[in-house]
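Data file: query.txt. Format and content: compact mmCIF, C-alpha atoms and all ligand atoms.
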# COMPACT_ATOMS: atom_id res chain seq x y z
CA MET V 142 -35.04 24.93 6.66
CA SER V 143 -34.20 21.55 5.27
CA MET V 144 -30.53 21.86 6.30
CA GLN V 145 -31.19 21.94 10.02
CA PRO V 146 -31.35 18.19 10.72
CA ILE V 147 -27.96 17.81 9.07
CA LYS V 148 -26.48 20.55 11.19
CA ARG V 149 -27.84 18.92 14.33
CA GLY V 150 -26.24 15.68 13.29
CA LEU V 151 -22.89 17.38 12.87
CA ALA V 152 -23.22 19.04 16.27
CA ALA V 153 -23.82 15.65 17.85
CA LEU V 154 -20.71 14.26 16.19
CA VAL V 155 -18.64 17.17 17.49
CA LEU V 156 -19.93 16.58 21.01
CA MET V 157 -19.01 12.92 20.77
CA GLY V 158 -15.55 13.91 19.64
CA LEU V 159 -15.13 16.27 22.56
CA ALA V 160 -16.14 13.53 24.97
CA LEU V 161 -13.36 11.20 23.86
CA PRO V 162 -10.45 12.75 25.81
CA ALA V 163 -12.24 11.85 29.06
CA LEU V 164 -11.42 8.19 28.37
CA ALA V 165 -8.11 6.72 29.43
CA GLN V 166 -5.59 7.34 26.73
CA THR V 167 -2.20 5.89 26.18
CA THR V 168 0.30 7.19 23.70
CA VAL V 169 2.97 5.10 22.07
CA SER V 170 6.16 6.54 20.66
CA ASP V 171 9.25 5.19 18.95
CA ALA V 172 7.76 1.76 18.18
CA TRP V 173 10.18 -0.50 16.36
CA ALA V 174 10.85 -4.16 15.74
CA ARG V 175 14.11 -5.92 15.09
CA ALA V 176 14.59 -7.39 11.63
CA SER V 177 14.90 -11.17 11.46
CA VAL V 178 16.94 -13.42 9.20
CA PRO V 179 15.19 -16.04 7.04
CA HIS V 180 13.67 -18.89 9.10
CA GLN V 181 14.33 -17.10 12.38
CA GLN V 182 11.58 -18.11 14.82
CA SER V 183 11.23 -14.98 16.89
CA THR V 184 12.14 -11.35 17.23
CA GLY V 185 11.43 -8.45 19.51
CA ALA V 186 9.48 -5.21 19.35
CA PHE V 187 10.09 -2.15 21.46
CA MET V 188 8.41 1.18 22.24
CA THR V 189 7.71 3.81 24.84
CA LEU V 190 4.23 3.90 26.38
CA THR V 191 2.75 6.79 28.34
CA ALA V 192 -0.67 6.37 29.95
CA SER V 193 -2.82 9.34 30.96
CA SER V 194 -4.11 7.46 34.01
CA ASP V 195 -2.79 4.47 35.94
CA SER V 196 -3.10 1.59 33.50
CA LYS V 197 -1.42 -1.59 32.45
CA LEU V 198 -0.50 -3.21 29.19
CA VAL V 199 -2.28 -6.57 29.29
CA SER V 200 -1.74 -8.03 25.84
CA VAL V 201 -0.22 -7.52 22.42
CA ALA V 202 -1.23 -9.13 19.17
CA SER V 203 0.33 -9.06 15.71
CA PRO V 204 -0.46 -10.74 12.41
CA VAL V 205 3.27 -11.43 11.82
CA ALA V 206 3.60 -13.98 14.63
CA LYS V 207 1.63 -16.94 15.95
CA THR V 208 2.27 -15.98 19.56
CA VAL V 209 2.98 -12.57 21.04
CA GLN V 210 4.07 -12.18 24.64
CA VAL V 211 5.54 -9.44 26.78
CA HIS V 212 8.86 -10.54 28.27
CA GLU V 213 11.27 -9.22 30.81
CA MET V 214 14.97 -9.93 30.92
CA THR V 215 16.24 -11.93 33.87
CA MET V 216 19.76 -12.53 35.15
CA ASN V 217 20.59 -15.78 36.91
CA GLY V 218 24.26 -15.44 37.78
CA ASP V 219 25.86 -14.79 34.41
CA VAL V 220 23.06 -16.37 32.46
CA MET V 221 20.66 -14.04 30.78
CA GLY V 222 17.17 -15.28 30.20
CA MET V 223 13.69 -13.97 29.84
CA ARG V 224 10.25 -14.75 31.10
CA GLU V 225 6.74 -13.76 30.25
CA VAL V 226 5.08 -10.99 32.22
CA LYS V 227 1.29 -10.95 32.36
CA ALA V 228 0.98 -7.17 32.56
CA VAL V 229 3.19 -4.08 32.43
CA GLU V 230 2.26 -1.33 34.87
CA LEU V 231 1.86 2.07 33.23
CA PRO V 232 1.74 4.73 35.98
CA ALA V 233 -0.11 7.91 34.99
CA GLY V 234 2.05 10.28 32.99
CA LYS V 235 5.23 8.23 33.38
CA PRO V 236 6.85 6.98 30.17
CA VAL V 237 7.55 3.24 30.32
CA THR V 238 10.13 2.02 27.83
CA LEU V 239 10.28 -1.44 26.34
CA ASP V 240 13.83 -1.86 25.07
CA PRO V 241 16.25 -4.66 24.18
CA ASN V 242 17.70 -4.68 27.71
CA GLY V 243 14.48 -4.99 29.65
CA LEU V 244 10.85 -5.41 28.87
CA HIS V 245 10.05 -6.26 25.28
CA VAL V 246 7.33 -7.57 23.07
CA MET V 247 8.30 -11.05 21.87
CA LEU V 248 7.02 -12.05 18.46
CA MET V 249 7.18 -15.85 18.47
CA GLY V 250 6.52 -18.21 15.60
CA LEU V 251 7.11 -15.65 12.87
CA ASN V 252 4.99 -16.19 9.79
CA GLY V 253 7.80 -14.90 7.61
CA GLN V 254 10.96 -12.85 7.62
CA VAL V 255 10.64 -9.43 9.23
CA LYS V 256 12.60 -7.21 6.88
CA GLU V 257 14.25 -3.87 7.50
CA GLY V 258 12.05 -1.08 6.19
CA ASP V 259 8.82 -3.04 6.70
CA LYS V 260 6.29 -2.15 9.32
CA VAL V 261 4.98 -4.58 11.90
CA PRO V 262 1.37 -3.96 12.98
CA LEU V 263 0.87 -4.38 16.72
CA THR V 264 -2.42 -4.20 18.58
CA LEU V 265 -1.93 -3.30 22.21
CA THR V 266 -4.64 -3.88 24.81
CA ILE V 267 -4.43 -1.51 27.75
CA GLU V 268 -6.58 -1.73 30.85
CA ASP V 269 -7.13 1.24 33.14
CA ALA V 270 -7.70 1.19 36.90
CA THR V 271 -11.45 0.73 36.45
CA GLY V 272 -10.93 -2.33 34.27
CA ALA V 273 -11.91 -0.51 31.09
CA LYS V 274 -9.91 -1.69 28.10
CA GLU V 275 -8.69 0.24 25.11
CA THR V 276 -6.90 -1.11 22.08
CA LEU V 277 -4.19 0.76 20.28
CA ASP V 278 -2.96 -0.03 16.81
CA VAL V 279 0.71 0.71 16.34
CA GLN V 280 2.96 0.37 13.31
CA ALA V 281 6.45 -0.59 14.41
CA ASP V 282 9.28 0.31 12.03
CA VAL V 283 11.58 -2.59 11.34
CA ARG V 284 15.21 -1.75 12.08
CA PRO V 285 18.36 -3.74 11.27
CA LEU V 286 19.28 -6.81 13.30
CA ASN V 287 22.15 -5.04 15.02
CA ALA V 288 20.12 -2.00 16.06
CA ASP V 289 20.80 -0.97 19.64
CA ALA V 290 21.77 -4.45 20.82
CA GLY V 291 22.81 -2.97 24.14
CA GLY V 292 26.14 -3.95 25.70
CA GLY V 293 26.65 -6.90 23.42
CA HIS V 294 23.85 -8.91 25.00
CA ASP V 295 21.87 -9.88 21.97
CA HIS V 296 19.30 -11.99 23.73
CA MET V 297 17.20 -12.30 20.59
CA HIS V 298 19.52 -15.09 19.52
CA MET V 299 18.34 -17.21 22.40
CA GLN V 300 15.81 -19.92 21.89
CA HIS V 301 12.46 -19.85 23.54
CU CU S 1 11.82 -12.38 24.88
Show me this structure written as structure tokens.
Amino acid sequence: MSMQPIKRGLAALVLMGLALPALAQTTVSDAWARASVPHQQSTGAFMTLTASSDSKLVSVASPVAKTVQVHEMTMNGDVMGMREVKAVELPAGKPVTLDPNGLHVMLMGLNGQVKEGDKVPLTLTIEDATGAKETLDVQADVRPLNADAGGGHDHMHMQH
């Protein structure tokens, strides 16, 4: 039967597909980025990450910005600031939220205005406990500038 080699090939593909869930997997939900005004230098992106095994977010890249960092908010007396974090711990099964009041992805050196309704592509690199890395491509919806500013602290107006 001339069809048999093709069937074997399909079976092999199915087996490969079944093997994939054994790898560390991280899901991303509710990814969004804050719209910018013309000539604004930076903006933030936010999301919820859930890893299937203990992992960490080690880097983020995006074509919309020259530099992408993960930041955390800091309070020094009454002065709000932010600093870069090298990795975000993602404990197995525990959703970790990046939001405007805490951890966030900072898009710095924007190549153009980030407009409401656009999507910002983000590539997340996640490393599991064995050091294995996976990359995740996420499309973040761009929401208006005033979206969920959180208690009036709109830190995105600060300069880096
Ligand atoms: Cu920041």
Contacts between ligand CU 1 (chain S) and chain V, please, where a residue of chain V counts if it comes within 12 Å (with all atoms listed in the file); show its shortest atom pair and distance in Å to one decimal, rows by chain and ascending number, as a tab-separated table.
residue	atom	partner	partner_atom	distance
V:Arg175	CA	S:CU1	CU	12.0
V:Gln182	CA	S:CU1	CU	11.6
V:Ser183	CA	S:CU1	CU	8.4
V:Thr184	CA	S:CU1	CU	7.7
V:Gly185	CA	S:CU1	CU	6.7
V:Ala186	CA	S:CU1	CU	9.4
V:Phe187	CA	S:CU1	CU	10.9
V:Thr208	CA	S:CU1	CU	11.5
V:Val209	CA	S:CU1	CU	9.6
V:Gln210	CA	S:CU1	CU	7.8
V:Val211	CA	S:CU1	CU	7.2
V:His212	CA	S:CU1	CU	4.9
V:Glu213	CA	S:CU1	CU	6.7
V:Met214	CA	S:CU1	CU	7.2
V:Thr215	CA	S:CU1	CU	10.0
V:Met221	CA	S:CU1	CU	10.8
V:Gly222	CA	S:CU1	CU	8.1
V:Met223	CA	S:CU1	CU	5.5
V:Arg224	CA	S:CU1	CU	6.8
V:Glu225	CA	S:CU1	CU	7.5
V:Val226	CA	S:CU1	CU	10.1
V:Leu239	CA	S:CU1	CU	11.1
V:Asp240	CA	S:CU1	CU	10.7
V:Pro241	CA	S:CU1	CU	8.9
V:Asn242	CA	S:CU1	CU	10.1
V:Gly243	CA	S:CU1	CU	9.2
V:Leu244	CA	S:CU1	CU	8.1
V:His245	CA	S:CU1	CU	6.4
V:Val246	CA	S:CU1	CU	6.8
V:Met247	CA	S:CU1	CU	4.8
V:Leu248	CA	S:CU1	CU	8.0
V:Met249	CA	S:CU1	CU	8.6
V:Asp295	CA	S:CU1	CU	10.8
V:His296	CA	S:CU1	CU	7.6
V:Met297	CA	S:CU1	CU	6.9
V:His298	CA	S:CU1	CU	9.8
V:Met299	CA	S:CU1	CU	8.5
V:Gln300	CA	S:CU1	CU	9.0
V:His301	CA	S:CU1	CU	7.6
Output of the above residues as a compact mmCIF listing (two decimals), in the coordinates of the input, restricted to C-alpha atoms:
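New file selection.txt:
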# COMPACT_ATOMS: atom_id res chain seq x y z
CA ARG V 175 14.11 -5.92 15.09
CA GLN V 182 11.58 -18.11 14.82
CA SER V 183 11.23 -14.98 16.89
CA THR V 184 12.14 -11.35 17.23
CA GLY V 185 11.43 -8.45 19.51
CA ALA V 186 9.48 -5.21 19.35
CA PHE V 187 10.09 -2.15 21.46
CA THR V 208 2.27 -15.98 19.56
CA VAL V 209 2.98 -12.57 21.04
CA GLN V 210 4.07 -12.18 24.64
CA VAL V 211 5.54 -9.44 26.78
CA HIS V 212 8.86 -10.54 28.27
CA GLU V 213 11.27 -9.22 30.81
CA MET V 214 14.97 -9.93 30.92
CA THR V 215 16.24 -11.93 33.87
CA MET V 221 20.66 -14.04 30.78
CA GLY V 222 17.17 -15.28 30.20
CA MET V 223 13.69 -13.97 29.84
CA ARG V 224 10.25 -14.75 31.10
CA GLU V 225 6.74 -13.76 30.25
CA VAL V 226 5.08 -10.99 32.22
CA LEU V 239 10.28 -1.44 26.34
CA ASP V 240 13.83 -1.86 25.07
CA PRO V 241 16.25 -4.66 24.18
CA ASN V 242 17.70 -4.68 27.71
CA GLY V 243 14.48 -4.99 29.65
CA LEU V 244 10.85 -5.41 28.87
CA HIS V 245 10.05 -6.26 25.28
CA VAL V 246 7.33 -7.57 23.07
CA MET V 247 8.30 -11.05 21.87
CA LEU V 248 7.02 -12.05 18.46
CA MET V 249 7.18 -15.85 18.47
CA ASP V 295 21.87 -9.88 21.97
CA HIS V 296 19.30 -11.99 23.73
CA MET V 297 17.20 -12.30 20.59
CA HIS V 298 19.52 -15.09 19.52
CA MET V 299 18.34 -17.21 22.40
CA GLN V 300 15.81 -19.92 21.89
CA HIS V 301 12.46 -19.85 23.54
Which stretch 150-247 of chain V residues have any atom within 7 Å of an atom of stretch 260-283 of chain V, and for each, what is the nearest pair of atoms with distance in Å to one decimal, counting all atoms listed in the file, rows sorted by chain and number, as JSON lines?
{"residue": "V:Ala165", "atom": "CA", "partner": "V:Asp269", "partner_atom": "CA", "distance": 6.7}
{"residue": "V:Ala172", "atom": "CA", "partner": "V:Ala281", "partner_atom": "CA", "distance": 4.6}
{"residue": "V:Trp173", "atom": "CA", "partner": "V:Ala281", "partner_atom": "CA", "distance": 4.2}
{"residue": "V:Ala174", "atom": "CA", "partner": "V:Val283", "partner_atom": "CA", "distance": 4.7}
{"residue": "V:Arg175", "atom": "CA", "partner": "V:Val283", "partner_atom": "CA", "distance": 5.6}
{"residue": "V:Ala176", "atom": "CA", "partner": "V:Val283", "partner_atom": "CA", "distance": 5.7}
{"residue": "V:Ser194", "atom": "CA", "partner": "V:Asp269", "partner_atom": "CA", "distance": 7.0}
{"residue": "V:Asp195", "atom": "CA", "partner": "V:Ala270", "partner_atom": "CA", "distance": 6.0}
{"residue": "V:Ser196", "atom": "CA", "partner": "V:Asp269", "partner_atom": "CA", "distance": 4.1}
{"residue": "V:Lys197", "atom": "CA", "partner": "V:Glu268", "partner_atom": "CA", "distance": 5.4}
{"residue": "V:Leu198", "atom": "CA", "partner": "V:Ile267", "partner_atom": "CA", "distance": 4.5}
{"residue": "V:Val199", "atom": "CA", "partner": "V:Ile267", "partner_atom": "CA", "distance": 5.7}
{"residue": "V:Ser200", "atom": "CA", "partner": "V:Thr266", "partner_atom": "CA", "distance": 5.2}
{"residue": "V:Val201", "atom": "CA", "partner": "V:Leu265", "partner_atom": "CA", "distance": 4.6}
{"residue": "V:Ala202", "atom": "CA", "partner": "V:Thr264", "partner_atom": "CA", "distance": 5.1}
{"residue": "V:Ser203", "atom": "CA", "partner": "V:Leu263", "partner_atom": "CA", "distance": 4.8}
Take the residues from that selection and put them in a file with C-alpha atoms, as an mmCIF file, in the frame of the given file.
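Printed below is result_34.cif as written:
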data_model
loop_
_atom_site.group_PDB
_atom_site.id
_atom_site.type_symbol
_atom_site.label_atom_id
_atom_site.label_comp_id
_atom_site.auth_asym_id
_atom_site.auth_seq_id
_atom_site.Cartn_x
_atom_site.Cartn_y
_atom_site.Cartn_z
ATOM 1 C CA ALA V 165 -8.110 6.720 29.430
ATOM 2 C CA ALA V 172 7.760 1.760 18.180
ATOM 3 C CA TRP V 173 10.180 -0.500 16.360
ATOM 4 C CA ALA V 174 10.850 -4.160 15.740
ATOM 5 C CA ARG V 175 14.110 -5.920 15.090
ATOM 6 C CA ALA V 176 14.590 -7.390 11.630
ATOM 7 C CA SER V 194 -4.110 7.460 34.010
ATOM 8 C CA ASP V 195 -2.790 4.470 35.940
ATOM 9 C CA SER V 196 -3.100 1.590 33.500
ATOM 10 C CA LYS V 197 -1.420 -1.590 32.450
ATOM 11 C CA LEU V 198 -0.500 -3.210 29.190
ATOM 12 C CA VAL V 199 -2.280 -6.570 29.290
ATOM 13 C CA SER V 200 -1.740 -8.030 25.840
ATOM 14 C CA VAL V 201 -0.220 -7.520 22.420
ATOM 15 C CA ALA V 202 -1.230 -9.130 19.170
ATOM 16 C CA SER V 203 0.330 -9.060 15.710
#
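Distances from V:Asn217, V:Gln181, V:Thr168, V:Thr191 to V:Lys235 were compared using all atoms listed in the file, and the smallest one belongs to V:Thr191.
Residues lying at most 7 Å from (4.5, -18.0, 14.4) in file coordinates, with all atoms listed in the file considered, are Ala206, Lys207, Thr208, Met249, Gly250, Leu251 and Asn252 of chain V.
Taking atom CA of V:Gln254 and atom CA of V:Ser170 as the two end points, the separation is 23.9 Å.
In this structure, atom CA of V:Pro179 sits 17.4 Å away from atom CA of V:Pro204.
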